[in-house]
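Engineer: What follows is the file my_file_31.tsv, containing TSV, C-alpha atoms:
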chain	number	residue	atom	x	y	z
A	1	MET	CA	-32.80	171.25	185.70
A	2	SER	CA	-32.35	171.90	189.39
A	3	ASN	CA	-29.39	173.01	191.39
A	4	PRO	CA	-28.94	172.36	195.10
A	5	ASN	CA	-27.50	175.84	195.60
A	6	LEU	CA	-30.79	177.37	194.53
A	7	THR	CA	-32.86	175.43	197.00
A	8	THR	CA	-30.70	175.51	200.12
A	9	SER	CA	-29.54	179.11	200.30
A	10	PRO	CA	-30.24	182.37	198.49
A	11	ALA	CA	-27.88	182.55	195.53
A	12	THR	CA	-25.85	185.66	194.84
A	13	ASP	CA	-26.21	187.63	191.62
A	14	GLN	CA	-22.96	186.12	190.34
A	15	GLN	CA	-24.08	182.57	191.08
A	16	LEU	CA	-27.44	183.07	189.43
A	17	VAL	CA	-25.94	184.62	186.30
A	18	ALA	CA	-23.33	181.85	186.02
A	19	LEU	CA	-26.03	179.20	186.34
A	20	VAL	CA	-28.25	180.85	183.73
A	21	LEU	CA	-25.34	181.09	181.32
A	22	ARG	CA	-24.82	177.35	181.77
A	23	GLY	CA	-28.44	176.79	180.73
A	24	ASN	CA	-30.07	176.57	184.15
A	25	THR	CA	-33.67	177.72	183.70
A	26	ALA	CA	-34.42	177.49	187.43
A	27	ALA	CA	-31.80	180.17	188.06
A	28	PHE	CA	-33.49	182.46	185.55
A	29	ARG	CA	-36.80	181.80	187.28
A	30	GLN	CA	-35.21	183.14	190.47
A	31	ILE	CA	-33.97	186.24	188.69
A	32	VAL	CA	-37.47	186.90	187.38
A	33	GLN	CA	-39.04	186.30	190.77
A	34	ARG	CA	-36.56	188.59	192.51
A	35	THR	CA	-37.06	191.46	190.10
A	36	GLU	CA	-40.70	190.96	189.12
A	37	GLY	CA	-41.96	193.55	191.61
A	38	LEU	CA	-39.61	196.21	190.31
A	39	VAL	CA	-40.32	195.50	186.64
A	40	THR	CA	-44.07	195.33	187.20
A	41	GLN	CA	-44.04	198.64	189.06
A	42	MET	CA	-42.08	200.31	186.28
A	43	VAL	CA	-44.22	198.88	183.49
A	44	PHE	CA	-47.46	199.83	185.25
A	45	LYS	CA	-46.23	203.33	185.97
A	46	MET	CA	-44.73	204.06	182.57
A	47	ILE	CA	-47.19	202.28	180.28
A	48	ARG	CA	-50.64	203.72	180.61
A	49	HIS	CA	-52.35	201.31	178.22
A	50	PRO	CA	-53.08	198.10	180.19
A	51	ALA	CA	-53.21	195.92	177.08
A	52	ASP	CA	-49.60	196.75	176.22
A	53	ARG	CA	-48.13	196.05	179.65
A	54	PRO	CA	-47.82	192.23	179.47
A	55	ASP	CA	-45.92	192.40	176.17
A	56	VAL	CA	-43.57	195.07	177.48
A	57	ALA	CA	-42.88	193.15	180.71
A	58	GLN	CA	-42.13	189.96	178.81
A	59	GLU	CA	-39.95	191.84	176.35
A	60	VAL	CA	-37.95	193.15	179.31
A	61	TYR	CA	-37.15	189.64	180.51
A	62	LEU	CA	-36.36	188.32	177.06
A	63	LYS	CA	-33.83	191.15	176.72
A	64	VAL	CA	-32.44	190.31	180.15
A	65	PHE	CA	-32.02	186.69	179.09
A	66	LYS	CA	-30.39	187.53	175.76
A	67	ASN	CA	-28.01	190.08	177.25
A	68	LEU	CA	-27.12	188.35	180.49
A	69	ALA	CA	-23.71	187.31	179.14
A	70	GLY	CA	-22.90	191.02	178.75
A	71	PHE	CA	-23.74	191.91	182.38
A	72	LYS	CA	-20.48	192.99	184.01
A	73	PHE	CA	-21.67	193.28	187.64
A	74	GLN	CA	-20.99	197.01	187.71
A	75	SER	CA	-24.31	197.36	189.54
A	76	LYS	CA	-26.73	195.08	191.33
A	77	LEU	CA	-28.46	192.65	188.99
A	78	SER	CA	-31.83	194.14	189.96
A	79	THR	CA	-30.58	197.61	189.01
A	80	TRP	CA	-29.43	196.30	185.63
A	81	VAL	CA	-32.81	194.64	185.09
A	82	GLY	CA	-34.43	197.94	186.09
A	83	GLN	CA	-32.32	199.74	183.48
A	84	ILE	CA	-33.52	197.35	180.80
A	85	ALA	CA	-37.11	197.78	181.99
A	86	TYR	CA	-36.78	201.56	181.91
A	87	ASN	CA	-35.21	201.59	178.44
A	88	THR	CA	-37.81	199.17	177.10
A	89	CYS	CA	-40.63	201.34	178.44
A	90	LEU	CA	-38.90	204.42	177.09
A	91	HIS	CA	-38.67	202.80	173.67
A	92	TYR	CA	-42.37	201.97	173.88
A	93	LEU	CA	-43.23	205.58	174.75
A	94	GLU	CA	-41.09	206.85	171.87
A	95	LYS	CA	-42.78	204.47	169.47
A	96	LYS	CA	-46.17	205.68	170.63
A	97	GLN	CA	-44.89	209.28	170.61
A	98	LEU	CA	-45.86	209.74	174.24
A	99	VAL	CA	-44.23	212.26	176.53
A	100	LEU	CA	-42.24	211.06	179.54
A	101	VAL	CA	-42.37	214.41	181.33
A	102	ASP	CA	-44.43	217.34	180.24
A	103	LEU	CA	-41.91	220.15	179.75
A	104	SER	CA	-44.42	222.72	180.91
A	105	GLU	CA	-44.26	221.10	184.34
A	106	GLN	CA	-40.52	221.55	184.59
A	107	LYS	CA	-40.72	225.25	185.27
A	108	PRO	CA	-39.89	225.82	188.91
A	109	ASP	CA	-42.79	226.98	190.98
A	110	ASP	CA	-41.21	229.89	192.78
A	111	SER	CA	-44.35	230.68	194.70
A	112	LEU	CA	-43.52	227.84	197.05
A	113	GLU	CA	-39.88	228.73	197.60
A	114	GLU	CA	-38.36	230.07	200.73
A	115	GLY	CA	-40.41	232.50	202.73
A	116	ARG	CA	-43.22	233.06	200.24
A	117	SER	CA	-46.84	232.29	200.79
A	118	PRO	CA	-48.19	229.25	199.02
A	119	PRO	CA	-51.48	229.36	197.10
A	120	SER	CA	-54.58	229.16	199.18
A	121	ALA	CA	-55.22	225.56	198.20
A	122	LEU	CA	-51.99	224.58	199.93
A	123	VAL	CA	-52.36	226.69	203.00
A	124	ALA	CA	-52.83	224.78	206.18
A	125	GLY	CA	-53.95	226.94	209.05
A	126	PRO	CA	-52.46	226.90	212.56
A	127	ASP	CA	-55.15	224.49	213.70
A	128	TYR	CA	-54.64	222.32	210.65
A	129	ASP	CA	-54.70	218.64	211.47
A	130	PRO	CA	-53.32	216.72	208.50
A	131	GLU	CA	-54.29	213.38	209.93
A	132	THR	CA	-57.93	214.37	210.11
A	133	ALA	CA	-57.67	216.04	206.75
A	134	LEU	CA	-56.06	213.26	204.80
A	135	PHE	CA	-56.97	210.10	206.67
A	136	GLY	CA	-60.56	211.17	207.10
A	137	GLN	CA	-61.02	210.05	203.53
A	138	ASP	CA	-59.91	207.07	201.56
A	139	LEU	CA	-56.38	208.34	201.20
A	140	ALA	CA	-55.12	205.29	199.33
A	141	SER	CA	-57.66	205.65	196.54
A	142	ILE	CA	-57.21	209.42	196.29
A	143	LEU	CA	-53.46	208.97	196.22
A	144	SER	CA	-53.69	206.29	193.54
A	145	ILE	CA	-55.75	208.60	191.38
A	146	ALA	CA	-53.35	211.46	192.00
A	147	ILE	CA	-50.36	209.31	191.06
A	148	GLU	CA	-52.12	208.21	187.88
A	149	GLN	CA	-52.44	211.84	186.86
A	150	LEU	CA	-48.70	212.46	187.08
A	151	PRO	CA	-46.48	212.20	184.00
A	152	PRO	CA	-45.01	208.69	183.48
A	153	LEU	CA	-41.55	209.60	184.77
A	154	TYR	CA	-42.91	211.18	187.96
A	155	ARG	CA	-45.14	208.16	188.58
A	156	THR	CA	-42.14	205.91	188.12
A	157	LEU	CA	-39.93	207.91	190.47
A	158	ILE	CA	-42.58	207.89	193.19
A	159	ALA	CA	-42.94	204.14	192.84
A	160	LEU	CA	-39.21	203.47	192.81
A	161	TYR	CA	-38.44	205.68	195.80
A	162	HIS	CA	-41.44	205.23	198.05
A	163	GLN	CA	-42.70	201.77	197.11
A	164	GLN	CA	-39.58	199.93	195.96
A	165	GLU	CA	-37.50	201.89	198.49
A	166	LEU	CA	-34.60	202.40	196.10
A	167	SER	CA	-31.97	205.03	196.85
A	168	TYR	CA	-31.50	208.15	194.74
A	169	GLU	CA	-28.29	206.58	193.38
A	170	GLU	CA	-30.04	203.40	192.31
A	171	ILE	CA	-32.84	205.36	190.64
A	172	ALA	CA	-30.24	207.50	188.89
A	173	GLN	CA	-28.54	204.34	187.59
A	174	ILE	CA	-31.81	202.87	186.37
A	175	THR	CA	-32.98	206.02	184.62
A	176	SER	CA	-29.53	207.27	183.54
A	177	LEU	CA	-30.48	210.65	185.01
A	178	PRO	CA	-28.10	212.66	187.23
A	179	ASP	CA	-28.76	212.32	190.97
A	180	GLY	CA	-29.76	215.98	191.19
A	181	THR	CA	-32.32	215.59	188.41
A	182	VAL	CA	-33.83	212.56	190.12
A	183	LYS	CA	-34.15	214.53	193.37
A	184	ASN	CA	-35.61	217.50	191.57
A	185	TYR	CA	-38.19	215.45	189.66
A	186	LEU	CA	-39.11	213.59	192.82
A	187	PHE	CA	-39.57	216.87	194.65
A	188	ARG	CA	-41.91	218.14	191.94
A	189	ALA	CA	-43.82	214.88	191.82
A	190	ARG	CA	-44.43	214.95	195.59
A	191	LYS	CA	-45.44	218.59	195.45
A	192	LEU	CA	-47.96	217.85	192.70
A	193	LEU	CA	-49.30	214.95	194.74
A	194	LYS	CA	-49.72	217.11	197.81
A	195	GLN	CA	-51.44	219.81	195.79
A	196	HIS	CA	-53.82	217.25	194.34
A	197	LEU	CA	-54.57	215.75	197.74
A	198	LEU	CA	-55.18	219.04	199.48
A	199	ALA	CA	-57.31	220.36	196.63
A	200	ASN	CA	-59.26	217.14	196.64
A	201	TYR	CA	-59.75	217.27	200.37
A	202	GLN	CA	-60.98	220.85	200.25
A	203	ARG	CA	-63.40	220.14	197.41
A	204	ASP	CA	-64.93	217.26	199.29
A	205	ASP	CA	-65.08	219.20	202.49
A	206	LEU	CA	-66.91	222.17	201.04
B	207	MET	CA	-41.38	234.29	214.88
B	208	THR	CA	-39.23	236.22	212.43
B	209	SER	CA	-37.60	233.44	210.39
B	210	PRO	CA	-39.43	232.55	207.18
B	211	HIS	CA	-41.50	229.40	206.95
B	212	LEU	CA	-39.81	226.39	205.45
B	213	ALA	CA	-39.79	226.14	201.69
B	214	GLU	CA	-41.45	223.19	200.02
B	215	ARG	CA	-38.15	221.42	199.44
B	216	ALA	CA	-37.17	221.79	203.09
B	217	LEU	CA	-40.59	220.51	204.16
B	218	GLN	CA	-40.04	217.37	202.10
B	219	GLU	CA	-36.56	216.89	203.50
B	220	ALA	CA	-37.86	217.31	207.03
B	221	ALA	CA	-40.59	214.78	206.32
B	222	GLU	CA	-37.94	212.26	205.30
B	223	SER	CA	-35.68	213.04	208.23
B	224	ALA	CA	-35.46	216.13	210.42
B	225	SER	CA	-31.69	215.63	210.52
B	226	LEU	CA	-31.49	216.62	206.85
B	227	LEU	CA	-32.37	220.22	207.73
B	228	PRO	CA	-29.73	222.88	208.45
B	229	PRO	CA	-29.78	224.04	212.10
B	230	PRO	CA	-31.62	227.36	211.51
B	231	GLN	CA	-34.43	225.64	209.62
B	232	ALA	CA	-34.57	222.84	212.18
B	233	ALA	CA	-34.89	225.44	214.93
B	234	HIS	CA	-37.71	227.17	213.04
B	235	LEU	CA	-39.51	223.89	212.56
B	236	ARG	CA	-39.36	223.10	216.27
B	237	GLY	CA	-41.18	226.32	217.06
B	238	CYS	CA	-43.62	226.59	214.16
B	239	GLY	CA	-46.90	224.73	214.25
B	240	LEU	CA	-47.71	225.64	210.65
B	241	CYS	CA	-44.50	224.11	209.30
B	242	GLN	CA	-44.90	221.09	211.56
B	243	GLY	CA	-48.36	220.57	210.10
B	244	ARG	CA	-47.01	220.79	206.56
B	245	VAL	CA	-44.22	218.38	207.36
B	246	ALA	CA	-46.76	216.01	208.88
B	247	THR	CA	-48.79	216.22	205.67
B	248	TYR	CA	-45.79	215.08	203.68
B	249	GLN	CA	-45.06	212.35	206.19
B	250	HIS	CA	-48.60	211.01	205.81
B	251	LEU	CA	-48.24	211.25	202.06
B	252	PHE	CA	-44.98	209.28	202.09
B	253	THR	CA	-46.40	206.65	204.43
B	254	ALA	CA	-49.50	206.26	202.31
B	255	ALA	CA	-47.43	206.03	199.12
B	256	ALA	CA	-45.26	203.30	200.65
B	257	GLN	CA	-48.35	201.36	201.71
B	258	LEU	CA	-50.10	201.42	198.34
B	259	PRO	CA	-50.68	197.87	197.11
B	260	PRO	CA	-48.12	196.98	194.45
B	261	PRO	CA	-49.50	196.46	190.96
B	262	ALA	CA	-49.67	192.90	189.69
B	263	PHE	CA	-50.42	191.18	186.43
B	264	LYS	CA	-53.43	188.92	186.26
B	265	PHE	CA	-51.25	186.15	184.85
B	266	ASP	CA	-48.11	184.42	186.08
B	267	LEU	CA	-45.39	186.59	184.58
B	268	THR	CA	-42.61	184.20	185.57
B	269	ALA	CA	-44.27	181.23	183.89
B	270	ASN	CA	-45.01	183.23	180.75
B	271	VAL	CA	-41.43	184.47	180.52
B	272	LEU	CA	-39.97	181.00	181.03
B	273	ALA	CA	-42.27	179.58	178.37
B	274	GLN	CA	-40.98	182.12	175.87
B	275	LEU	CA	-37.28	181.63	176.50
B	276	PRO	CA	-35.40	180.33	173.47
B	277	ARG	CA	-34.59	176.66	173.98
B	278	PRO	CA	-30.87	176.17	174.54
B	279	ARG	CA	-29.31	174.29	171.66
B	280	PRO	CA	-26.38	172.00	172.35
B	281	ALA	CA	-23.16	173.13	170.73
B	282	LEU	CA	-22.98	169.87	168.75
B	283	PRO	CA	-26.36	168.18	168.38
B	284	TRP	CA	-26.39	164.38	168.70
B	285	VAL	CA	-27.77	163.82	165.21
B	286	LEU	CA	-25.06	165.95	163.66
B	287	SER	CA	-22.41	164.16	165.72
B	288	GLY	CA	-23.73	160.78	164.55
B	289	VAL	CA	-23.71	161.79	160.89
B	290	ALA	CA	-20.19	163.21	161.21
B	291	ALA	CA	-18.96	159.98	162.83
B	292	LEU	CA	-20.58	157.92	160.07
B	293	VAL	CA	-19.00	160.01	157.31
B	294	LEU	CA	-15.63	159.88	159.01
B	295	GLY	CA	-15.94	156.10	159.35
B	296	VAL	CA	-16.74	155.70	155.64
B	297	VAL	CA	-13.79	157.88	154.66
B	298	VAL	CA	-11.41	155.98	156.95
B	299	ALA	CA	-12.67	152.61	155.65
B	300	PHE	CA	-12.30	153.83	152.05
B	301	VAL	CA	-8.73	154.95	152.69
B	302	VAL	CA	-7.85	151.70	154.46
B	303	LEU	CA	-9.35	149.54	151.75
B	304	PHE	CA	-8.37	151.48	148.64
B	305	GLY	CA	-5.46	153.58	149.91
B	306	GLY	CA	-2.96	151.43	148.04
B	307	LEU	CA	-4.77	152.07	144.73
B	308	LEU	CA	-5.00	155.81	145.29
B	309	ILE	CA	-1.27	156.42	145.78
B	310	PRO	CA	-0.27	155.64	142.17
B	311	VAL	CA	-3.16	157.78	140.91
B	312	PHE	CA	-1.88	160.83	142.82
B	313	GLN	CA	1.71	160.05	141.83
B	314	GLY	CA	0.64	160.10	138.17
B	315	LEU	CA	-0.94	163.54	138.42
B	316	SER	CA	0.88	166.45	136.88
B	317	SER	CA	2.23	169.08	139.26
B	318	ARG	CA	-0.15	171.71	137.78
B	319	LEU	CA	-3.18	169.56	138.46
B	320	GLY	CA	-1.88	168.95	142.00
B	321	ALA	CA	-1.44	172.66	142.58
B	322	GLY	CA	-4.94	173.30	141.23
B	323	LEU	CA	-6.40	170.76	143.64
B	324	VAL	CA	-4.55	172.37	146.53
B	325	VAL	CA	-5.81	175.82	145.54
B	326	MET	CA	-9.38	174.55	145.18
B	327	THR	CA	-9.21	172.88	148.58
B	328	GLY	CA	-7.77	176.05	150.10
B	329	LEU	CA	-10.58	178.14	148.63
B	330	LEU	CA	-13.23	175.75	149.94
B	331	VAL	CA	-11.71	175.82	153.42
B	332	ALA	CA	-11.47	179.63	153.33
B	333	GLY	CA	-15.10	179.87	152.23
B	334	GLN	CA	-16.21	177.63	155.07
B	335	CYS	CA	-14.20	179.71	157.55
B	336	LEU	CA	-15.77	182.95	156.31
B	337	GLU	CA	-19.25	181.49	156.63
B	338	LEU	CA	-18.49	180.34	160.18
B	339	LEU	CA	-17.20	183.81	161.01
B	340	ALA	CA	-20.32	185.47	159.58
B	341	ARG	CA	-22.54	183.13	161.58
B	342	HIS	CA	-20.60	183.90	164.74
B	343	ARG	CA	-20.97	187.66	164.13
B	344	ARG	CA	-24.72	187.28	163.58
B	345	GLN	CA	-25.03	185.49	166.92
B	346	MET	CA	-22.95	188.14	168.68
B	347	ARG	CA	-25.17	190.86	167.19
B	348	LEU	CA	-28.22	189.10	168.63
B	349	LEU	CA	-26.57	189.27	172.03
B	350	ALA	CA	-25.79	192.94	171.67
B	351	PHE	CA	-27.73	195.25	173.95
B	352	SER	CA	-30.44	197.02	172.03
Starting from the file, give its structure as structure tokens.
Structural biologist:
Amino acid sequence: MSNPNLTTSPATDQQLVALVLRGNTAAFRQIVQRTEGLVTQMVFKMIRHPADRPDVAQEVYLKVFKNLAGFKFQSKLSTWVGQIAYNTCLHYLEKKQLVLVDLSEQKPDDSLEEGRSPPSALVAGPDYDPETALFGQDLASILSIAIEQLPPLYRTLIALYHQQELSYEEIAQITSLPDGTVKNYLFRARKLLKQHLLANYQRDDL
Amino acid sequence: MTSPHLAERALQEAAESASLLPPPQAAHLRGCGLCQGRVATYQHLFTAAAQLPPPAFKFDLTANVLAQLPRPRPALPWVLSGVAALVLGVVVAFVVLFGGLLIPVFQGLSSRLGAGLVVMTGLLVAGQCLELLARHRRQMRLLAFS
């Protein structure tokens, strides 16, 4: 079943949802294609076991399809799909009894707060050249490894903010976390990444 | 330089946009090579994170999802419509052909028997309505957000 609106101009969220509710499969294909990147990012970041990811991703879209009639356009369609993806992944983690964020990592690291000296691994000297330091190596692969070592929620936040380029507000809507918590977790995640990168650089350099 | 170096949070904010910093911290940053280096580290980190290749499934997710969608069922399937029309036709033909014979039969029924038939019919209709309602609720539950 095709619709001229879908082929001539990009359809709005409202148009797509109305078409899907009338049984238009092509419209649902567009919804999947528009949100596939976001859902895939979230599933890959939150589900560590590769074999489980396809099922979770497909479950997300089946839920989207079943619940589309209940979507009230209080957010962007992609944000709503992201919410379903997040909740589905969360449900998976709960079933597997996996931890979203290690509570031990939530303690604030005061050593890096205002005016105090950071640990030696983080110290960059006056002649420190970060470009040489970080781009002298395969930064992408080191960064990928570092991201993989973060807790699932931190990995997800990094992906949503830096790769999907979502705003704090959109991430807060998707995760149902307060804006401040999102910012705080993102801050910690970036700090952990930097620590990992600098430590890694120093180890290789020595 | 007497002002303290930027805290980690301020470094991250500066890496996103220097305009996010309060004026005293922005002034410190302008004159501090160490903090500038740390901000640059975060900027490289953010740039590299944004440029990481997005993950992808080895299969066509869209095609798989579409293949698994429940097939939409018409509200009144053609077969069911045909059967209903046939039954209705038979009933109408029966009434047209034998209607004249049925009237005396009903006229001869006692009022109690008539009332009983009405009650029975009412119960059957009520039962059908309840079943329809239950089916509707089941379908609405399936739609409910889990």
Engineer: Taking 5 positions as the minimum chain separation for residues in the same chain, which residues sit within 12 Å of B:Ala273 when counting only C-alpha atoms? Answer as a PDB file with C-alpha atoms, keeping the file's coordinate frame.
Structural biologist:
ATOM      1  CA  THR A  25     -33.670 177.720 183.700  1.00  0.00           C
ATOM      2  CA  PHE A  28     -33.490 182.460 185.550  1.00  0.00           C
ATOM      3  CA  ARG A  29     -36.800 181.800 187.280  1.00  0.00           C
ATOM      4  CA  GLN A  58     -42.130 189.960 178.810  1.00  0.00           C
ATOM      5  CA  TYR A  61     -37.150 189.640 180.510  1.00  0.00           C
ATOM      6  CA  LEU A  62     -36.360 188.320 177.060  1.00  0.00           C
TER       7      LEU A  62
ATOM      8  CA  ASP B 266     -48.110 184.420 186.080  1.00  0.00           C
ATOM      9  CA  LEU B 267     -45.390 186.590 184.580  1.00  0.00           C
ATOM     10  CA  THR B 268     -42.610 184.200 185.570  1.00  0.00           C
TER      11      THR B 268
END
Engineer: Quick one: everything within 10 Å of B:Ala216, counting all atoms listed in the file, minus sequence neighbours fewer than 6 positions away in the same chain. Send it as a ChimeraX atom specification.
Structural biologist: /A:113-114 /B:222,224,226-228,231-232,235,241,245
Engineer: Counting all atoms listed in the file, which residues of chain B come no farther than 10 Å from chain A, as a ChimeraX atom specification?
Structural biologist: /B:209-216,218-219,238-265,267-272,274-280,348-352
Engineer: Work out how far atom CA of A:Ala189 is from atom CA of A:Gln149, in Å to one decimal.
Structural biologist: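 Spanning atom CA of A:Gln149 to atom CA of A:Ala189 is a straight-line distance of 10.4 Å.
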